[in-house]
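Pasting my_file-v6.pdb here (PDB, N, CA and C atoms):
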```
ATOM      1  N   MET A   1      -7.481  11.416   6.619
ATOM      2  CA  MET A   1      -7.149  10.218   7.346
ATOM      3  C   MET A   1      -8.366   9.291   7.286
ATOM      4  N   HIS A   2      -8.106   8.005   7.084
ATOM      5  CA  HIS A   2      -9.173   7.006   6.964
ATOM      6  C   HIS A   2      -8.887   5.844   7.893
ATOM      7  N   ASN A   3      -9.940   5.164   8.299
ATOM      8  CA  ASN A   3      -9.730   3.964   9.097
ATOM      9  C   ASN A   3      -9.338   2.812   8.175
ATOM     10  N   GLY A   4      -8.989   1.685   8.760
ATOM     11  CA  GLY A   4      -8.514   0.555   7.975
ATOM     12  C   GLY A   4      -9.510   0.041   6.958
ATOM     13  N   THR A   5     -10.781  -0.009   7.324
ATOM     14  CA  THR A   5     -11.816  -0.505   6.414
ATOM     15  C   THR A   5     -11.954   0.406   5.203
ATOM     16  N   GLU A   6     -11.976   1.709   5.440
ATOM     17  CA  GLU A   6     -12.082   2.667   4.333
ATOM     18  C   GLU A   6     -10.861   2.596   3.424
ATOM     19  N   ALA A   7      -9.681   2.532   4.039
ATOM     20  CA  ALA A   7      -8.445   2.466   3.257
ATOM     21  C   ALA A   7      -8.405   1.192   2.415
ATOM     22  N   ALA A   8      -8.775   0.076   3.006
ATOM     23  CA  ALA A   8      -8.774  -1.197   2.272
ATOM     24  C   ALA A   8      -9.746  -1.164   1.101
ATOM     25  N   GLY A   9     -10.910  -0.574   1.307
ATOM     26  CA  GLY A   9     -11.884  -0.460   0.225
ATOM     27  C   GLY A   9     -11.353   0.375  -0.930
ATOM     28  N   HIS A  10     -10.693   1.461  -0.608
ATOM     29  CA  HIS A  10     -10.118   2.330  -1.636
ATOM     30  C   HIS A  10      -9.009   1.611  -2.409
ATOM     31  N   ILE A  11      -8.126   0.949  -1.678
ATOM     32  CA  ILE A  11      -7.024   0.219  -2.315
ATOM     33  C   ILE A  11      -7.572  -0.911  -3.190
ATOM     34  N   LYS A  12      -8.639  -1.562  -2.753
ATOM     35  CA  LYS A  12      -9.249  -2.632  -3.552
ATOM     36  C   LYS A  12      -9.768  -2.092  -4.879
ATOM     37  N   LYS A  13     -10.410  -0.927  -4.847
ATOM     38  CA  LYS A  13     -10.893  -0.319  -6.086
ATOM     39  C   LYS A  13      -9.735  -0.009  -7.025
ATOM     40  N   LYS A  14      -8.641   0.519  -6.481
ATOM     41  CA  LYS A  14      -7.477   0.822  -7.316
ATOM     42  C   LYS A  14      -6.862  -0.467  -7.861
ATOM     43  N   TYR A  15      -6.823  -1.511  -7.045
ATOM     44  CA  TYR A  15      -6.314  -2.803  -7.492
ATOM     45  C   TYR A  15      -7.122  -3.301  -8.689
ATOM     46  N   GLU A  16      -8.427  -3.241  -8.584
ATOM     47  CA  GLU A  16      -9.286  -3.701  -9.676
ATOM     48  C   GLU A  16      -9.065  -2.864 -10.939
ATOM     49  N   TYR A  17      -8.854  -1.572 -10.781
ATOM     50  CA  TYR A  17      -8.619  -0.695 -11.923
ATOM     51  C   TYR A  17      -7.297  -1.027 -12.618
ATOM     52  N   PHE A  18      -6.255  -1.310 -11.840
ATOM     53  CA  PHE A  18      -4.919  -1.557 -12.400
ATOM     54  C   PHE A  18      -4.607  -3.044 -12.572
ATOM     55  N   LEU A  19      -5.592  -3.904 -12.423
ATOM     56  CA  LEU A  19      -5.366  -5.348 -12.439
ATOM     57  C   LEU A  19      -4.548  -5.825 -13.633
ATOM     58  N   ASP A  20      -4.780  -5.277 -14.804
ATOM     59  CA  ASP A  20      -4.039  -5.712 -15.995
ATOM     60  C   ASP A  20      -2.561  -5.337 -15.942
ATOM     61  N   ASP A  21      -2.208  -4.332 -15.139
ATOM     62  CA  ASP A  21      -0.815  -3.882 -15.024
ATOM     63  C   ASP A  21      -0.063  -4.573 -13.893
ATOM     64  N   ILE A  22      -0.772  -5.238 -13.007
ATOM     65  CA  ILE A  22      -0.162  -5.822 -11.812
ATOM     66  C   ILE A  22       0.267  -7.259 -12.102
ATOM     67  N   LYS A  23       1.574  -7.481 -12.034
ATOM     68  CA  LYS A  23       2.147  -8.808 -12.277
ATOM     69  C   LYS A  23       2.867  -9.355 -11.049
ATOM     70  N   SER A  24       3.047  -8.528 -10.025
ATOM     71  CA  SER A  24       3.777  -8.941  -8.824
ATOM     72  C   SER A  24       3.246  -8.160  -7.625
ATOM     73  N   THR A  25       3.674  -8.575  -6.460
ATOM     74  CA  THR A  25       3.294  -7.851  -5.253
ATOM     75  C   THR A  25       3.828  -6.430  -5.290
ATOM     76  N   GLU A  26       5.046  -6.278  -5.786
ATOM     77  CA  GLU A  26       5.633  -4.943  -5.895
ATOM     78  C   GLU A  26       4.823  -4.059  -6.849
ATOM     79  N   ASP A  27       4.302  -4.653  -7.915
ATOM     80  CA  ASP A  27       3.430  -3.895  -8.824
ATOM     81  C   ASP A  27       2.154  -3.446  -8.106
ATOM     82  N   PHE A  28       1.590  -4.335  -7.285
ATOM     83  CA  PHE A  28       0.406  -3.961  -6.513
ATOM     84  C   PHE A  28       0.696  -2.733  -5.655
ATOM     85  N   VAL A  29       1.818  -2.758  -4.954
ATOM     86  CA  VAL A  29       2.195  -1.622  -4.102
ATOM     87  C   VAL A  29       2.354  -0.374  -4.956
ATOM     88  N   LYS A  30       3.048  -0.513  -6.077
ATOM     89  CA  LYS A  30       3.311   0.635  -6.958
ATOM     90  C   LYS A  30       2.023   1.254  -7.495
ATOM     91  N   TYR A  31       1.152   0.435  -8.019
ATOM     92  CA  TYR A  31      -0.038   0.946  -8.696
ATOM     93  C   TYR A  31      -1.207   1.244  -7.755
ATOM     94  N   SER A  32      -1.354   0.459  -6.706
ATOM     95  CA  SER A  32      -2.561   0.556  -5.892
ATOM     96  C   SER A  32      -2.371   1.186  -4.517
ATOM     97  N   ALA A  33      -1.186   1.104  -3.965
ATOM     98  CA  ALA A  33      -1.043   1.445  -2.551
ATOM     99  C   ALA A  33       0.065   2.448  -2.246
ATOM    100  N   THR A  34       0.456   3.252  -3.225
ATOM    101  CA  THR A  34       1.544   4.196  -3.001
ATOM    102  C   THR A  34       1.077   5.635  -2.849
ATOM    103  N   LYS A  35       0.296   6.109  -3.806
ATOM    104  CA  LYS A  35      -0.137   7.503  -3.731
ATOM    105  C   LYS A  35      -1.411   7.721  -4.531
ATOM    106  N   SER A  36      -2.013   8.859  -4.277
ATOM    107  CA  SER A  36      -3.233   9.237  -4.978
ATOM    108  C   SER A  36      -2.900   9.646  -6.406
ATOM    109  N   LYS A  37      -3.599   9.067  -7.340
ATOM    110  CA  LYS A  37      -3.403   9.460  -8.747
ATOM    111  C   LYS A  37      -3.983  10.844  -9.006
ATOM    112  N   MET A  38      -4.961  11.247  -8.214
ATOM    113  CA  MET A  38      -5.583  12.558  -8.415
ATOM    114  C   MET A  38      -4.753  13.691  -7.823
ATOM    115  N   SER A  39      -4.348  13.554  -6.559
ATOM    116  CA  SER A  39      -3.626  14.641  -5.895
ATOM    117  C   SER A  39      -2.116  14.483  -5.977
ATOM    118  N   GLY A  40      -1.643  13.254  -6.212
ATOM    119  CA  GLY A  40      -0.206  12.994  -6.224
ATOM    120  C   GLY A  40       0.385  12.843  -4.831
ATOM    121  N   ARG A  41      -0.455  12.933  -3.803
ATOM    122  CA  ARG A  41       0.033  12.819  -2.429
ATOM    123  C   ARG A  41       0.223  11.353  -2.056
ATOM    124  N   TYR A  42       1.318  11.098  -1.337
ATOM    125  CA  TYR A  42       1.621   9.744  -0.901
ATOM    126  C   TYR A  42       0.695   9.331   0.231
ATOM    127  N   TYR A  43       0.267   8.071   0.200
ATOM    128  CA  TYR A  43      -0.499   7.512   1.306
ATOM    129  C   TYR A  43       0.468   7.271   2.459
ATOM    130  N   LYS A  44      -0.021   7.426   3.675
ATOM    131  CA  LYS A  44       0.797   7.193   4.860
ATOM    132  C   LYS A  44       0.087   6.241   5.801
ATOM    133  N   ILE A  45       0.887   5.457   6.515
ATOM    134  CA  ILE A  45       0.401   4.523   7.514
ATOM    135  C   ILE A  45       0.680   5.143   8.882
ATOM    136  N   HIS A  46      -0.333   5.135   9.733
ATOM    137  CA  HIS A  46      -0.198   5.644  11.098
ATOM    138  C   HIS A  46      -0.354   4.462  12.041
ATOM    139  N   CYS A  47       0.712   4.114  12.753
ATOM    140  CA  CYS A  47       0.692   2.972  13.680
ATOM    141  C   CYS A  47       0.937   3.480  15.099
ATOM    142  N   GLY A  48      -0.105   3.517  15.871
ATOM    143  CA  GLY A  48       0.033   3.921  17.264
ATOM    144  C   GLY A  48       0.703   5.269  17.421
ATOM    145  N   ASN A  49       1.716   5.313  18.270
ATOM    146  CA  ASN A  49       2.437   6.552  18.555
ATOM    147  C   ASN A  49       3.648   6.769  17.652
ATOM    148  N   GLU A  50       3.872   5.861  16.714
ATOM    149  CA  GLU A  50       5.010   5.994  15.814
ATOM    150  C   GLU A  50       4.748   7.089  14.783
ATOM    151  N   SER A  51       5.828   7.634  14.241
ATOM    152  CA  SER A  51       5.685   8.638  13.187
ATOM    153  C   SER A  51       5.060   7.998  11.961
ATOM    154  N   PRO A  52       4.222   8.739  11.235
ATOM    155  CA  PRO A  52       3.644   8.188   9.998
ATOM    156  C   PRO A  52       4.742   7.794   9.011
ATOM    157  N   ILE A  53       4.478   6.767   8.248
ATOM    158  CA  ILE A  53       5.432   6.283   7.244
ATOM    159  C   ILE A  53       4.678   6.122   5.926
ATOM    160  N   LYS A  54       5.350   6.391   4.821
ATOM    161  CA  LYS A  54       4.712   6.202   3.513
ATOM    162  C   LYS A  54       4.257   4.749   3.386
ATOM    163  N   SER A  55       3.057   4.578   2.864
ATOM    164  CA  SER A  55       2.511   3.225   2.729
ATOM    165  C   SER A  55       3.422   2.330   1.907
ATOM    166  N   ARG A  56       4.006   2.883   0.844
ATOM    167  CA  ARG A  56       4.922   2.104  -0.002
ATOM    168  C   ARG A  56       6.045   1.520   0.838
ATOM    169  N   ASP A  57       6.678   2.363   1.654
ATOM    170  CA  ASP A  57       7.801   1.906   2.470
ATOM    171  C   ASP A  57       7.352   0.860   3.488
ATOM    172  N   TRP A  58       6.231   1.118   4.164
ATOM    173  CA  TRP A  58       5.730   0.192   5.172
ATOM    174  C   TRP A  58       5.399  -1.156   4.549
ATOM    175  N   LEU A  59       4.696  -1.138   3.419
ATOM    176  CA  LEU A  59       4.313  -2.390   2.765
ATOM    177  C   LEU A  59       5.524  -3.181   2.291
ATOM    178  N   LEU A  60       6.523  -2.507   1.735
ATOM    179  CA  LEU A  60       7.711  -3.222   1.258
ATOM    180  C   LEU A  60       8.536  -3.783   2.412
ATOM    181  N   ILE A  61       8.583  -3.076   3.547
ATOM    182  CA  ILE A  61       9.262  -3.602   4.741
ATOM    183  C   ILE A  61       8.538  -4.852   5.228
ATOM    184  N   GLU A  62       7.215  -4.770   5.308
ATOM    185  CA  GLU A  62       6.435  -5.917   5.766
ATOM    186  C   GLU A  62       6.530  -7.092   4.791
ATOM    187  N   LEU A  63       6.550  -6.806   3.494
ATOM    188  CA  LEU A  63       6.685  -7.859   2.493
ATOM    189  C   LEU A  63       8.025  -8.561   2.636
ATOM    190  N   LYS A  64       9.091  -7.792   2.834
ATOM    191  CA  LYS A  64      10.416  -8.392   3.016
ATOM    192  C   LYS A  64      10.450  -9.261   4.258
ATOM    193  N   ALA A  65       9.867  -8.781   5.360
ATOM    194  CA  ALA A  65       9.828  -9.562   6.599
ATOM    195  C   ALA A  65       9.046 -10.859   6.385
ATOM    196  N   TYR A  66       7.927 -10.764   5.688
ATOM    197  CA  TYR A  66       7.133 -11.954   5.409
ATOM    198  C   TYR A  66       7.919 -12.962   4.571
ATOM    199  N   ARG A  67       8.532 -12.481   3.525
ATOM    200  CA  ARG A  67       9.294 -13.386   2.651
ATOM    201  C   ARG A  67      10.456 -14.016   3.406
ATOM    202  N   ASN A  68      11.125 -13.254   4.258
ATOM    203  CA  ASN A  68      12.227 -13.800   5.050
ATOM    204  C   ASN A  68      11.734 -14.865   6.022
ATOM    205  N   SER A  69      10.532 -14.716   6.531
ATOM    206  CA  SER A  69       9.985 -15.692   7.470
ATOM    207  C   SER A  69       9.597 -16.998   6.778
ATOM    208  N   GLN A  70       9.463 -16.960   5.456
ATOM    209  CA  GLN A  70       9.071 -18.148   4.696
ATOM    210  C   GLN A  70      10.251 -18.992   4.265
ATOM    211  N   ASP A  71      11.457 -18.475   4.455
ATOM    212  CA  ASP A  71      12.682 -19.216   4.045
ATOM    213  C   ASP A  71      13.015 -20.327   5.000
TER     214      ASP A  71
END
```
For this file, write the structure as structure tokens.
Amino acid sequence: MHNGTEAAGHIKKKYEYFLDDIKSTEDFVKYSATKSKMSGRYYKIHCGNESPIKSRDWLLIELKAYRNSQD
């Protein structure tokens, strides 16, 4: 488990590594923020007392909400 600063730093490094493959926000989630390439384990988001959720699912839900708010 990592705090937000540590997690963001890790995701940034992965983003920089996969930059040539990322063409969309969904690509960013797929390549940088879904799971560990080394262990294959999915990243999870822990929000307060809620059950952990896969980062991919949380990010795509938030992205959809953001896009809907821009319409």
For this session: Mind the document's chain letters and residue numbers, and return as a list in words the residues of chain A that DSSP labels strand (DSSP E or B).
Result: Lys35, Tyr42, Lys44, Ile45, Ile53 and Lys54 of chain A
For this session: Name all residues at most 7 Å from range 32-41 of chain A (count only C-alpha atoms; drop same-chain ones fewer than 4 positions away) and give them as a list in words.
Result: Ile11, Lys14, Tyr15, Phe28, Ser55 and Arg56 of chain A
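Closest approach to Tyr31 in chain A among A:Ile53, A:Phe18, A:Ala8, A:Gly48 is made by A:Phe18 (distances from all atoms listed in the file).
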Exercise. Care to translate the PyMOL selection byres (((chain A and resi 1 and name CA) around 10) and name CA) into actual residues of this file, as a PyMOL selection string?
Worked result: chain A and resi 2-4+6-7+43-46
Using only N, CA and C atoms, please write the residues we just selected to a file, as a compact mmCIF listing (two decimals), in the frame of the given file.
```txt
# COMPACT_ATOMS: atom_id res chain seq x y z
N HIS A 2 -8.11 8.01 7.08
CA HIS A 2 -9.17 7.01 6.96
C HIS A 2 -8.89 5.84 7.89
N ASN A 3 -9.94 5.16 8.30
CA ASN A 3 -9.73 3.96 9.10
C ASN A 3 -9.34 2.81 8.18
N GLY A 4 -8.99 1.68 8.76
CA GLY A 4 -8.51 0.56 7.98
C GLY A 4 -9.51 0.04 6.96
N GLU A 6 -11.98 1.71 5.44
CA GLU A 6 -12.08 2.67 4.33
C GLU A 6 -10.86 2.60 3.42
N ALA A 7 -9.68 2.53 4.04
CA ALA A 7 -8.44 2.47 3.26
C ALA A 7 -8.40 1.19 2.42
N TYR A 43 0.27 8.07 0.20
CA TYR A 43 -0.50 7.51 1.31
C TYR A 43 0.47 7.27 2.46
N LYS A 44 -0.02 7.43 3.68
CA LYS A 44 0.80 7.19 4.86
C LYS A 44 0.09 6.24 5.80
N ILE A 45 0.89 5.46 6.52
CA ILE A 45 0.40 4.52 7.51
C ILE A 45 0.68 5.14 8.88
N HIS A 46 -0.33 5.14 9.73
CA HIS A 46 -0.20 5.64 11.10
C HIS A 46 -0.35 4.46 12.04
```
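Atom to atom, CA of Asp20 in chain A and CA of Thr5 in chain A stand 24.3 Å apart.
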For this session: Would you work out the distance separating CA of Tyr42 in chain A from CA of Lys64 in chain A, expressed in Å to one decimal?
Result: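 Answer for the CA of Tyr42 in chain A to CA of Lys64 in chain A separation: 20.5 Å.
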Problem set entry | CA of Leu63 in chain A to CA of Val29 in chain A, distance in Å rounded to a single decimal | 10.1 Å
